[in-house]
Amino acid sequence: MSASRIPPVATVPDDDVPTLLVKIFGKDRPGITAGLCDTLAAYGVHIVDIEQVVTRGRIVLCVLVTAPKADGAEGDLRATVHSWAESMRLQAEIISGRGDNRPRGTGRSHVTVLGNPLTAESTAAIASRITGTGGNIDRIFRLAKYPVTAVEFEVSGAETEPLRTALAIEAADIGVDVAVVASGLQRRAQRLVVMDVDSTLIQDEVIELFAAHAGCQAEVAEVTARAMRGELDFEQSLHARVALLAGIDESVVEKVRAEVRLTPGARTLIRTLKRLGYQVGVVSGGFTQVTDDLKERLGLDFASANTLEVVDGKLTGKVIGEVVDRAGKARLLRRFAAEAGVPLVQTVAIGDGANDLDMLNAAGLGVAFNAKPVVREAAHTAVNVPFLDTVLYLLGVTREEVEAADAHVD
């Protein structure tokens with residue numbers, strides 16, 4: 001490229017340079033942005049900033065430009081913009097000032113709020129708590145309108161961890177779900193998502209499905225509930241429950257696989273994550289006889305669980321190999337991350353029970369999904385709606401992007 005063809009270097013106006021904020025309001029239609037910029041172009045101004053929002057068919061377009069330098073040009077620009085706006089049945093407002101937007105504060109986070117419904121009262125409470133931590137809301141936009149309403153706040157001026165703590169307390173008080181993650185390139189980087197299986201990826205407790213065929217469902221369910229609440233050591237409770245399955249025919253495995261019910265939104269979550277280039281795995285205190293099948297059916301990258309011993313076509317009531325317990329799930333998360341080449345800070349863990357806590361705390365983002373109270377209190381964030389794909393909103397993926405990707409494939 002010759003020197004004459006090199007484009008000029010863009011410069012940001014300093015605080016002393018006169019600028020004009022041009023605001024346009026009215027009914028949205030194609031051509032508004034182009035028409036306004038064409039009108040401004042006649043005055044040789046430079047665009048410093050531009051933002052546009054459309055809500056229920058009404059547009060708010062803001063353009064920050066350098067003021068024209070020629071004598072009398074600013075007055076002419078104002079008259080011309082108002083005339084153009086009137087011809088488009090729009091309203092215009094032009095505000096004089098100097099320089100660019102004020103710099104954003106240090107400490108930047110994305111705050112995702114999920115509500116079903118999302119009320120004005122709860123939104124006010126979240127916004128007030130953000131202000132109370134010293135944060136400023138720079139931008140708000142909607143990620144989804146169903147199956148829940150999800151909005152994202154871009155916040156500056158408050159460090160992520162104190163903000164997360166403050167909003168977790170507020171969210172618990174007002175009954176909404178809030179996730180806080182740090183801004184930065186890592187939010188858009190490839191990630192690893194690892195999920196618990198029972199009552200997270202699926203709606204069932206697998207050992208209870210086996211127990212139903214052994215006629216000991218009530219006994220197993222009680223031990224399972226106590227273990228998930230953290231009242232019993234998981235490994236001891238696992239051996240106690242599995243012992244009740246001794247003598248069941250191996251053919252029951254196929255029956256249990258057929259009975260497993262995926263959580264609503266599970267397929268959408270996994271399909272979308274895979275399209276984004278994420279790697280997805282599961283870890284379970286359940287059994288490989290089921291997780292291996294789920295891995296194949298759902299196209300998962302990783303899967304690990306306990307293995308039921310089978311001898312002569314019968315379950316022996318024992319598990320073989322190392323038990324996948326609370327600490328084991330965290331170890332597997334780290335192992336999967338190393339194999340995937342993903343730093344721990346870029347991992348997401350999802351679970352519901354006490355034996356998921358170490359994994360949730362080890363991950364860059366730990367999500368308690370319809371979890372027990374002890375888990376909700378300890379996780380980075382909680383989701384309390386029965387749709388697993390709402391986790392996508394915590395990653396900044398909008399419902400429209402999910403649907404557009406599905407339509408493109410179809």
# chains A, B, ... in the order shown; residues from 1 in each chain; ligands from 1

$ closest_atom_pairs --of "region 196-272 of chain A" --to "region 311-320 of chain A" --cutoff "10 Å" --atoms "only C-alpha atoms" --output "tab-separated table"
residue	atom	partner	partner_atom	distance
A:Leu238	CA	A:Val319	CA	8.8
A:His239	CA	A:Lys318	CA	6.8
A:Ala240	CA	A:Gly317	CA	8.9
A:Arg241	CA	A:Gly317	CA	8.4
A:Val242	CA	A:Gly317	CA	5.0
A:Ala243	CA	A:Gly317	CA	4.1
A:Leu244	CA	A:Gly317	CA	6.4
A:Leu245	CA	A:Gly317	CA	5.2
A:Ala246	CA	A:Gly317	CA	4.0
A:Gly247	CA	A:Leu315	CA	5.4
A:Ile248	CA	A:Leu315	CA	5.3
A:Asp249	CA	A:Lys314	CA	4.6
A:Glu250	CA	A:Lys314	CA	5.2
A:Ser251	CA	A:Gly313	CA	7.9
A:Val252	CA	A:Lys314	CA	9.5
A:Val253	CA	A:Leu315	CA	9.9

$ closest_atom_pairs --of "region 253-296 of chain A" --to "region 387-398 of chain A" --cutoff "9 Å" --atoms "only C-alpha atoms" --output "JSON lines"
{"residue": "A:Thr263", "atom": "CA", "partner": "A:Leu388", "partner_atom": "CA", "distance": 6.6}
{"residue": "A:Pro264", "atom": "CA", "partner": "A:Phe387", "partner_atom": "CA", "distance": 5.2}
{"residue": "A:Gly265", "atom": "CA", "partner": "A:Asp389", "partner_atom": "CA", "distance": 4.6}
{"residue": "A:Ala266", "atom": "CA", "partner": "A:Leu388", "partner_atom": "CA", "distance": 5.4}
{"residue": "A:Arg267", "atom": "CA", "partner": "A:Asp389", "partner_atom": "CA", "distance": 8.1}
{"residue": "A:Thr268", "atom": "CA", "partner": "A:Asp389", "partner_atom": "CA", "distance": 6.1}
{"residue": "A:Leu269", "atom": "CA", "partner": "A:Asp389", "partner_atom": "CA", "distance": 4.5}
{"residue": "A:Ile270", "atom": "CA", "partner": "A:Asp389", "partner_atom": "CA", "distance": 8.2}
{"residue": "A:Thr272", "atom": "CA", "partner": "A:Leu392", "partner_atom": "CA", "distance": 8.3}
{"residue": "A:Leu273", "atom": "CA", "partner": "A:Leu392", "partner_atom": "CA", "distance": 8.1}

$ write_last_selection --atoms "N, CA, C and O atoms" --output "PDB file, in the first residue's frame"
ATOM      1  N   THR A 263     -32.831 -33.397  32.046  1.00  0.00           N
ATOM      2  CA  THR A 263     -33.387 -32.156  32.572  1.00  0.00           C
ATOM      3  C   THR A 263     -33.797 -31.259  31.404  1.00  0.00           C
ATOM      4  O   THR A 263     -33.093 -31.195  30.397  1.00  0.00           O
ATOM      5  N   PRO A 264     -34.937 -30.553  31.497  1.00  0.00           N
ATOM      6  CA  PRO A 264     -35.316 -29.630  30.423  1.00  0.00           C
ATOM      7  C   PRO A 264     -34.173 -28.659  30.104  1.00  0.00           C
ATOM      8  O   PRO A 264     -33.574 -28.063  31.002  1.00  0.00           O
ATOM      9  N   GLY A 265     -33.877 -28.529  28.821  1.00  0.00           N
ATOM     10  CA  GLY A 265     -32.815 -27.624  28.392  1.00  0.00           C
ATOM     11  C   GLY A 265     -31.440 -28.263  28.313  1.00  0.00           C
ATOM     12  O   GLY A 265     -30.484 -27.625  27.847  1.00  0.00           O
ATOM     13  N   ALA A 266     -31.313 -29.530  28.748  1.00  0.00           N
ATOM     14  CA  ALA A 266     -29.993 -30.178  28.753  1.00  0.00           C
ATOM     15  C   ALA A 266     -29.430 -30.329  27.344  1.00  0.00           C
ATOM     16  O   ALA A 266     -28.256 -30.020  27.080  1.00  0.00           O
ATOM     17  N   ARG A 267     -30.254 -30.815  26.428  1.00  0.00           N
ATOM     18  CA  ARG A 267     -29.768 -30.979  25.052  1.00  0.00           C
ATOM     19  C   ARG A 267     -29.399 -29.632  24.431  1.00  0.00           C
ATOM     20  O   ARG A 267     -28.392 -29.501  23.728  1.00  0.00           O
ATOM     21  N   THR A 268     -30.221 -28.612  24.683  1.00  0.00           N
ATOM     22  CA  THR A 268     -29.932 -27.284  24.135  1.00  0.00           C
ATOM     23  C   THR A 268     -28.620 -26.749  24.687  1.00  0.00           C
ATOM     24  O   THR A 268     -27.800 -26.190  23.942  1.00  0.00           O
ATOM     25  N   LEU A 269     -28.402 -26.910  25.988  1.00  0.00           N
ATOM     26  CA  LEU A 269     -27.164 -26.439  26.601  1.00  0.00           C
ATOM     27  C   LEU A 269     -25.957 -27.101  25.960  1.00  0.00           C
ATOM     28  O   LEU A 269     -25.022 -26.422  25.519  1.00  0.00           O
ATOM     29  N   ILE A 270     -25.970 -28.413  25.887  1.00  0.00           N
ATOM     30  CA  ILE A 270     -24.809 -29.139  25.369  1.00  0.00           C
ATOM     31  C   ILE A 270     -24.605 -28.847  23.885  1.00  0.00           C
ATOM     32  O   ILE A 270     -23.476 -28.598  23.438  1.00  0.00           O
ATOM     33  N   THR A 272     -25.441 -26.206  22.171  1.00  0.00           N
ATOM     34  CA  THR A 272     -24.960 -24.838  21.982  1.00  0.00           C
ATOM     35  C   THR A 272     -23.508 -24.703  22.410  1.00  0.00           C
ATOM     36  O   THR A 272     -22.701 -24.069  21.721  1.00  0.00           O
ATOM     37  N   LEU A 273     -23.155 -25.294  23.546  1.00  0.00           N
ATOM     38  CA  LEU A 273     -21.764 -25.235  24.007  1.00  0.00           C
ATOM     39  C   LEU A 273     -20.827 -25.860  22.989  1.00  0.00           C
ATOM     40  O   LEU A 273     -19.744 -25.322  22.701  1.00  0.00           O
TER      41      LEU A 273
END

$ closest_residue --among "A:Asn355, A:Gln203, A:Ser109, A:Thr149" --to "Gly230 (chain A)" --atoms "only C-alpha atoms"
A:Asn355

$ select_by_dssp --residues "region 301-354 of chain A" --states "strand (DSSP E)" --output "ChimeraX atom specification"
/A:302-311,314-320,347-351

$ residues_around --residues "Phe336 (chain A)" --least-positions-apart "2" --cutoff "12 Å" --atoms "only C-alpha atoms" --output "ChimeraX atom specification"
/A:191-195,279-283,300-304,329-334,338-344,347-349,359,363

$ atom_distance --atom1 "CA of Ala179 (chain A)" --atom2 "CA of Gln52 (chain A)"
25.6 Å

$ residues_around --residues "region 366-383 of chain A" --least-positions-apart "5" --cutoff "9 Å" --atoms "only C-alpha atoms" --output "PyMOL selection string"
chain A and resi 114+164-165+168+176-180+199-200+228-230+347-354+356-357+359-361+388+390-391

$ closest_residue --among "A:Glu322, A:Cys62, A:Ala158, A:Asp28" --to "Thr131 (chain A)" --atoms "only C-alpha atoms"
A:Ala158

$ closest_residue --among "A:Ile94, A:Ala258, A:Leu294, A:Val324" --to "Gln236 (chain A)" --atoms "only C-alpha atoms"
A:Val324

$ atom_distance --atom1 "CA of Val223 (chain A)" --atom2 "CA of Glu208 (chain A)"
10.3 Å

$ select_by_dssp --residues "region 160-332 of chain A" --states "alpha helix (DSSP H)" --output "ChimeraX atom specification"
/A:160-174,206-214,217-228,234-243,252-259,266-275,288-298,326-332

$ write_last_selection --atoms "C-alpha atoms" --output "PDB file, in the first residue's frame"
ATOM      1  CA  THR A 160     -15.728  -8.687  41.118  1.00  0.00           C
ATOM      2  CA  GLU A 161     -15.466 -10.699  44.348  1.00  0.00           C
ATOM      3  CA  PRO A 162     -16.951  -8.078  46.727  1.00  0.00           C
ATOM      4  CA  LEU A 163     -19.655  -7.359  44.151  1.00  0.00           C
ATOM      5  CA  ARG A 164     -20.446 -11.076  43.849  1.00  0.00           C
ATOM      6  CA  THR A 165     -20.733 -11.444  47.622  1.00  0.00           C
ATOM      7  CA  ALA A 166     -22.999  -8.407  47.996  1.00  0.00           C
ATOM      8  CA  LEU A 167     -25.304  -9.444  45.154  1.00  0.00           C
ATOM      9  CA  ALA A 168     -25.511 -13.062  46.364  1.00  0.00           C
ATOM     10  CA  ILE A 169     -26.912 -11.809  49.654  1.00  0.00           C
ATOM     11  CA  GLU A 170     -29.384  -9.532  47.883  1.00  0.00           C
ATOM     12  CA  ALA A 171     -30.443 -12.228  45.420  1.00  0.00           C
ATOM     13  CA  ALA A 172     -31.223 -14.657  48.240  1.00  0.00           C
ATOM     14  CA  ASP A 173     -33.350 -12.021  49.967  1.00  0.00           C
ATOM     15  CA  ILE A 174     -35.425 -11.084  46.922  1.00  0.00           C
ATOM     16  CA  VAL A 206     -29.727 -43.275  39.068  1.00  0.00           C
ATOM     17  CA  ILE A 207     -29.212 -45.456  42.126  1.00  0.00           C
ATOM     18  CA  GLU A 208     -32.894 -45.003  42.961  1.00  0.00           C
ATOM     19  CA  LEU A 209     -33.819 -46.243  39.486  1.00  0.00           C
ATOM     20  CA  PHE A 210     -31.769 -49.376  40.133  1.00  0.00           C
ATOM     21  CA  ALA A 211     -33.281 -49.667  43.621  1.00  0.00           C
ATOM     22  CA  ALA A 212     -36.799 -49.618  42.193  1.00  0.00           C
ATOM     23  CA  HIS A 213     -35.976 -52.833  40.320  1.00  0.00           C
ATOM     24  CA  ALA A 214     -34.507 -54.332  43.495  1.00  0.00           C
ATOM     25  CA  GLN A 217     -36.230 -47.753  46.650  1.00  0.00           C
ATOM     26  CA  ALA A 218     -37.400 -46.181  49.913  1.00  0.00           C
ATOM     27  CA  GLU A 219     -34.312 -47.294  51.845  1.00  0.00           C
ATOM     28  CA  VAL A 220     -31.933 -46.077  49.150  1.00  0.00           C
ATOM     29  CA  ALA A 221     -33.746 -42.742  48.696  1.00  0.00           C
ATOM     30  CA  GLU A 222     -33.426 -41.919  52.392  1.00  0.00           C
ATOM     31  CA  VAL A 223     -29.680 -42.601  52.448  1.00  0.00           C
ATOM     32  CA  THR A 224     -29.238 -40.607  49.213  1.00  0.00           C
ATOM     33  CA  ALA A 225     -31.069 -37.579  50.623  1.00  0.00           C
ATOM     34  CA  ARG A 226     -28.962 -37.596  53.777  1.00  0.00           C
ATOM     35  CA  ALA A 227     -25.748 -37.840  51.760  1.00  0.00           C
ATOM     36  CA  MET A 228     -26.718 -34.961  49.468  1.00  0.00           C
ATOM     37  CA  PHE A 234     -20.550 -40.041  50.607  1.00  0.00           C
ATOM     38  CA  GLU A 235     -18.313 -43.069  50.163  1.00  0.00           C
ATOM     39  CA  GLN A 236     -19.823 -44.901  53.137  1.00  0.00           C
ATOM     40  CA  SER A 237     -23.333 -44.097  51.975  1.00  0.00           C
ATOM     41  CA  LEU A 238     -22.485 -45.229  48.430  1.00  0.00           C
ATOM     42  CA  HIS A 239     -21.290 -48.647  49.609  1.00  0.00           C
ATOM     43  CA  ALA A 240     -24.351 -49.001  51.846  1.00  0.00           C
ATOM     44  CA  ARG A 241     -26.752 -48.224  49.019  1.00  0.00           C
ATOM     45  CA  VAL A 242     -24.992 -50.337  46.404  1.00  0.00           C
ATOM     46  CA  ALA A 243     -24.992 -53.321  48.767  1.00  0.00           C
ATOM     47  CA  VAL A 252     -31.649 -54.048  34.454  1.00  0.00           C
ATOM     48  CA  VAL A 253     -28.935 -51.670  33.176  1.00  0.00           C
ATOM     49  CA  GLU A 254     -30.704 -51.270  29.828  1.00  0.00           C
ATOM     50  CA  LYS A 255     -34.009 -50.673  31.583  1.00  0.00           C
ATOM     51  CA  VAL A 256     -32.488 -47.952  33.762  1.00  0.00           C
ATOM     52  CA  ARG A 257     -30.872 -46.262  30.749  1.00  0.00           C
ATOM     53  CA  ALA A 258     -34.308 -46.124  29.098  1.00  0.00           C
ATOM     54  CA  GLU A 259     -35.858 -44.608  32.235  1.00  0.00           C
ATOM     55  CA  ALA A 266     -29.993 -30.178  28.753  1.00  0.00           C
ATOM     56  CA  ARG A 267     -29.768 -30.979  25.052  1.00  0.00           C
ATOM     57  CA  THR A 268     -29.932 -27.284  24.135  1.00  0.00           C
ATOM     58  CA  LEU A 269     -27.164 -26.439  26.601  1.00  0.00           C
ATOM     59  CA  ILE A 270     -24.809 -29.139  25.369  1.00  0.00           C
ATOM     60  CA  ARG A 271     -25.577 -28.581  21.684  1.00  0.00           C
ATOM     61  CA  THR A 272     -24.960 -24.838  21.982  1.00  0.00           C
ATOM     62  CA  LEU A 273     -21.764 -25.235  24.007  1.00  0.00           C
ATOM     63  CA  LYS A 274     -20.381 -27.647  21.416  1.00  0.00           C
ATOM     64  CA  ARG A 275     -21.207 -25.220  18.606  1.00  0.00           C
ATOM     65  CA  THR A 288     -20.507 -45.643  34.345  1.00  0.00           C
ATOM     66  CA  GLN A 289     -23.209 -48.048  33.184  1.00  0.00           C
ATOM     67  CA  VAL A 290     -25.328 -44.896  32.681  1.00  0.00           C
ATOM     68  CA  THR A 291     -22.775 -42.086  32.152  1.00  0.00           C
ATOM     69  CA  ASP A 292     -21.034 -43.931  29.300  1.00  0.00           C
ATOM     70  CA  ASP A 293     -24.384 -44.137  27.524  1.00  0.00           C
ATOM     71  CA  LEU A 294     -25.045 -40.419  28.126  1.00  0.00           C
ATOM     72  CA  LYS A 295     -21.589 -39.551  26.801  1.00  0.00           C
ATOM     73  CA  GLU A 296     -22.309 -41.354  23.548  1.00  0.00           C
ATOM     74  CA  ARG A 297     -25.865 -40.061  23.154  1.00  0.00           C
ATOM     75  CA  LEU A 298     -25.033 -36.411  23.892  1.00  0.00           C
ATOM     76  CA  ARG A 326     -16.707 -35.030  46.655  1.00  0.00           C
ATOM     77  CA  ALA A 327     -12.919 -34.709  46.462  1.00  0.00           C
ATOM     78  CA  GLY A 328     -12.831 -37.011  43.445  1.00  0.00           C
ATOM     79  CA  LYS A 329     -15.110 -34.728  41.437  1.00  0.00           C
ATOM     80  CA  ALA A 330     -12.735 -31.800  41.974  1.00  0.00           C
ATOM     81  CA  ARG A 331      -9.772 -33.956  40.937  1.00  0.00           C
ATOM     82  CA  LEU A 332     -11.596 -35.007  37.784  1.00  0.00           C
TER      83      LEU A 332
END

$ residues_around --residues "region 30-39 of chain A" --least-positions-apart "2" --cutoff "12 Å" --atoms "only C-alpha atoms" --output "PyMOL selection string"
chain A and resi 22-28+41-47+50-54+57-65+76-92

$ closest_residue --among "A:Thr106, A:Gln346, A:Ser96, A:Thr55" --to "Ala67 (chain A)" --atoms "only C-alpha atoms"
A:Ser96

$ residues_around --residues "Asp100 (chain A)" --least-positions-apart "3" --cutoff "10 Å" --atoms "only C-alpha atoms" --output "PyMOL selection string"
chain A and resi 12-21+48-49+64-66+97+103

$ write_last_selection --atoms "N, CA and C atoms" --output "tab-separated table (two decimals), in the first residue's frame"
chain	number	residue	atom	x	y	z
A	12	VAL	N	-8.81	10.09	19.68
A	12	VAL	CA	-9.88	10.30	20.66
A	12	VAL	C	-9.78	11.74	21.13
A	13	PRO	N	-10.86	12.50	21.09
A	13	PRO	CA	-10.79	13.90	21.50
A	13	PRO	C	-10.44	14.02	22.97
A	14	ASP	N	-9.62	15.03	23.29
A	14	ASP	CA	-9.32	15.25	24.70
A	14	ASP	C	-10.46	16.05	25.34
A	15	ASP	N	-10.32	16.32	26.63
A	15	ASP	CA	-11.40	16.95	27.38
A	15	ASP	C	-11.70	18.37	26.92
A	16	ASP	N	-10.80	18.99	26.16
A	16	ASP	CA	-10.99	20.38	25.75
A	16	ASP	C	-11.63	20.51	24.37
A	17	VAL	N	-11.77	19.40	23.65
A	17	VAL	CA	-12.33	19.46	22.30
A	17	VAL	C	-13.85	19.51	22.38
A	18	PRO	N	-14.50	20.49	21.74
A	18	PRO	CA	-15.97	20.56	21.75
A	18	PRO	C	-16.59	19.35	21.05
A	19	THR	N	-17.60	18.78	21.66
A	19	THR	CA	-18.33	17.66	21.06
A	19	THR	C	-19.83	17.89	21.19
A	20	LEU	N	-20.59	17.20	20.37
A	20	LEU	CA	-22.04	17.28	20.40
A	20	LEU	C	-22.62	15.88	20.59
A	21	LEU	N	-23.56	15.75	21.51
A	21	LEU	CA	-24.28	14.50	21.69
A	21	LEU	C	-25.62	14.63	20.98
A	48	VAL	N	-17.36	9.91	17.57
A	48	VAL	CA	-16.58	9.52	18.73
A	48	VAL	C	-17.18	8.29	19.40
A	49	ASP	N	-18.50	8.23	19.46
A	49	ASP	CA	-19.19	7.11	20.09
A	49	ASP	C	-20.57	7.02	19.49
A	64	LEU	N	-22.23	10.56	19.49
A	64	LEU	CA	-21.33	11.61	19.99
A	64	LEU	C	-20.35	11.96	18.89
A	65	VAL	N	-20.34	13.23	18.48
A	65	VAL	CA	-19.49	13.66	17.36
A	65	VAL	C	-18.68	14.89	17.76
A	66	THR	N	-17.59	15.09	17.05
A	66	THR	CA	-16.84	16.33	17.22
A	66	THR	C	-17.66	17.48	16.65
A	97	GLY	N	-21.01	19.81	24.65
A	97	GLY	CA	-20.13	19.42	25.74
A	97	GLY	C	-18.70	19.41	25.27
A	103	PRO	N	-13.93	8.12	31.61
A	103	PRO	CA	-13.38	6.76	31.65
A	103	PRO	C	-14.16	5.88	32.61

$ residues_around --residues "Pro117 (chain A)" --least-positions-apart "5" --cutoff "12 Å" --atoms "only C-alpha atoms" --output "ChimeraX atom specification"
/A:122-123,144-151,174-177,385

$ write_last_selection --atoms "N, CA, C and O atoms" --output "PDB file, in the first residue's frame"
ATOM      1  N   SER A 122     -37.333  -6.166  42.207  1.00  0.00           N
ATOM      2  CA  SER A 122     -36.084  -6.910  42.338  1.00  0.00           C
ATOM      3  C   SER A 122     -34.967  -6.258  41.534  1.00  0.00           C
ATOM      4  O   SER A 122     -33.812  -6.228  41.963  1.00  0.00           O
ATOM      5  N   THR A 123     -35.301  -5.699  40.380  1.00  0.00           N
ATOM      6  CA  THR A 123     -34.293  -5.013  39.583  1.00  0.00           C
ATOM      7  C   THR A 123     -33.773  -3.783  40.307  1.00  0.00           C
ATOM      8  O   THR A 123     -32.565  -3.494  40.297  1.00  0.00           O
ATOM      9  N   ALA A 144     -32.499 -12.821  27.331  1.00  0.00           N
ATOM     10  CA  ALA A 144     -33.582 -13.755  27.002  1.00  0.00           C
ATOM     11  C   ALA A 144     -34.880 -13.281  27.623  1.00  0.00           C
ATOM     12  O   ALA A 144     -34.886 -12.618  28.659  1.00  0.00           O
ATOM     13  N   LYS A 145     -35.981 -13.622  26.974  1.00  0.00           N
ATOM     14  CA  LYS A 145     -37.297 -13.320  27.530  1.00  0.00           C
ATOM     15  C   LYS A 145     -38.049 -14.587  27.930  1.00  0.00           C
ATOM     16  O   LYS A 145     -39.093 -14.506  28.563  1.00  0.00           O
ATOM     17  N   TYR A 146     -37.539 -15.758  27.536  1.00  0.00           N
ATOM     18  CA  TYR A 146     -38.123 -17.021  27.977  1.00  0.00           C
ATOM     19  C   TYR A 146     -37.062 -18.092  27.899  1.00  0.00           C
ATOM     20  O   TYR A 146     -36.095 -17.935  27.161  1.00  0.00           O
ATOM     21  N   PRO A 147     -37.114 -19.185  28.621  1.00  0.00           N
ATOM     22  CA  PRO A 147     -38.149 -19.523  29.600  1.00  0.00           C
ATOM     23  C   PRO A 147     -38.084 -18.669  30.860  1.00  0.00           C
ATOM     24  O   PRO A 147     -38.951 -18.766  31.714  1.00  0.00           O
ATOM     25  N   VAL A 148     -37.037 -17.846  30.981  1.00  0.00           N
ATOM     26  CA  VAL A 148     -36.948 -16.862  32.067  1.00  0.00           C
ATOM     27  C   VAL A 148     -36.549 -15.537  31.435  1.00  0.00           C
ATOM     28  O   VAL A 148     -36.083 -15.488  30.299  1.00  0.00           O
ATOM     29  N   THR A 149     -36.742 -14.458  32.169  1.00  0.00           N
ATOM     30  CA  THR A 149     -36.204 -13.173  31.730  1.00  0.00           C
ATOM     31  C   THR A 149     -34.776 -13.061  32.253  1.00  0.00           C
ATOM     32  O   THR A 149     -34.528 -13.229  33.451  1.00  0.00           O
ATOM     33  N   ALA A 150     -33.848 -12.812  31.352  1.00  0.00           N
ATOM     34  CA  ALA A 150     -32.434 -12.693  31.724  1.00  0.00           C
ATOM     35  C   ALA A 150     -31.899 -11.378  31.185  1.00  0.00           C
ATOM     36  O   ALA A 150     -32.039 -11.076  30.003  1.00  0.00           O
ATOM     37  N   VAL A 151     -31.316 -10.573  32.063  1.00  0.00           N
ATOM     38  CA  VAL A 151     -30.704  -9.309  31.652  1.00  0.00           C
ATOM     39  C   VAL A 151     -29.269  -9.277  32.161  1.00  0.00           C
ATOM     40  O   VAL A 151     -28.931  -9.913  33.165  1.00  0.00           O
ATOM     41  N   ILE A 174     -34.322 -11.491  47.796  1.00  0.00           N
ATOM     42  CA  ILE A 174     -35.425 -11.084  46.922  1.00  0.00           C
ATOM     43  C   ILE A 174     -35.890 -12.188  45.979  1.00  0.00           C
ATOM     44  O   ILE A 174     -36.862 -12.005  45.238  1.00  0.00           O
ATOM     45  N   GLY A 175     -35.195 -13.326  45.965  1.00  0.00           N
ATOM     46  CA  GLY A 175     -35.661 -14.469  45.192  1.00  0.00           C
ATOM     47  C   GLY A 175     -35.378 -14.415  43.708  1.00  0.00           C
ATOM     48  O   GLY A 175     -36.202 -14.874  42.902  1.00  0.00           O
ATOM     49  N   VAL A 176     -34.235 -13.861  43.305  1.00  0.00           N
ATOM     50  CA  VAL A 176     -33.803 -13.927  41.919  1.00  0.00           C
ATOM     51  C   VAL A 176     -32.438 -14.613  41.880  1.00  0.00           C
ATOM     52  O   VAL A 176     -31.784 -14.786  42.912  1.00  0.00           O
ATOM     53  N   ASP A 177     -32.012 -14.998  40.684  1.00  0.00           N
ATOM     54  CA  ASP A 177     -30.693 -15.602  40.510  1.00  0.00           C
ATOM     55  C   ASP A 177     -29.758 -14.566  39.907  1.00  0.00           C
ATOM     56  O   ASP A 177     -30.104 -13.897  38.923  1.00  0.00           O
ATOM     57  N   VAL A 385     -34.271 -22.175  38.571  1.00  0.00           N
ATOM     58  CA  VAL A 385     -35.352 -22.480  37.629  1.00  0.00           C
ATOM     59  C   VAL A 385     -35.032 -23.833  37.001  1.00  0.00           C
ATOM     60  O   VAL A 385     -33.869 -24.226  36.919  1.00  0.00           O
TER      61      VAL A 385
END
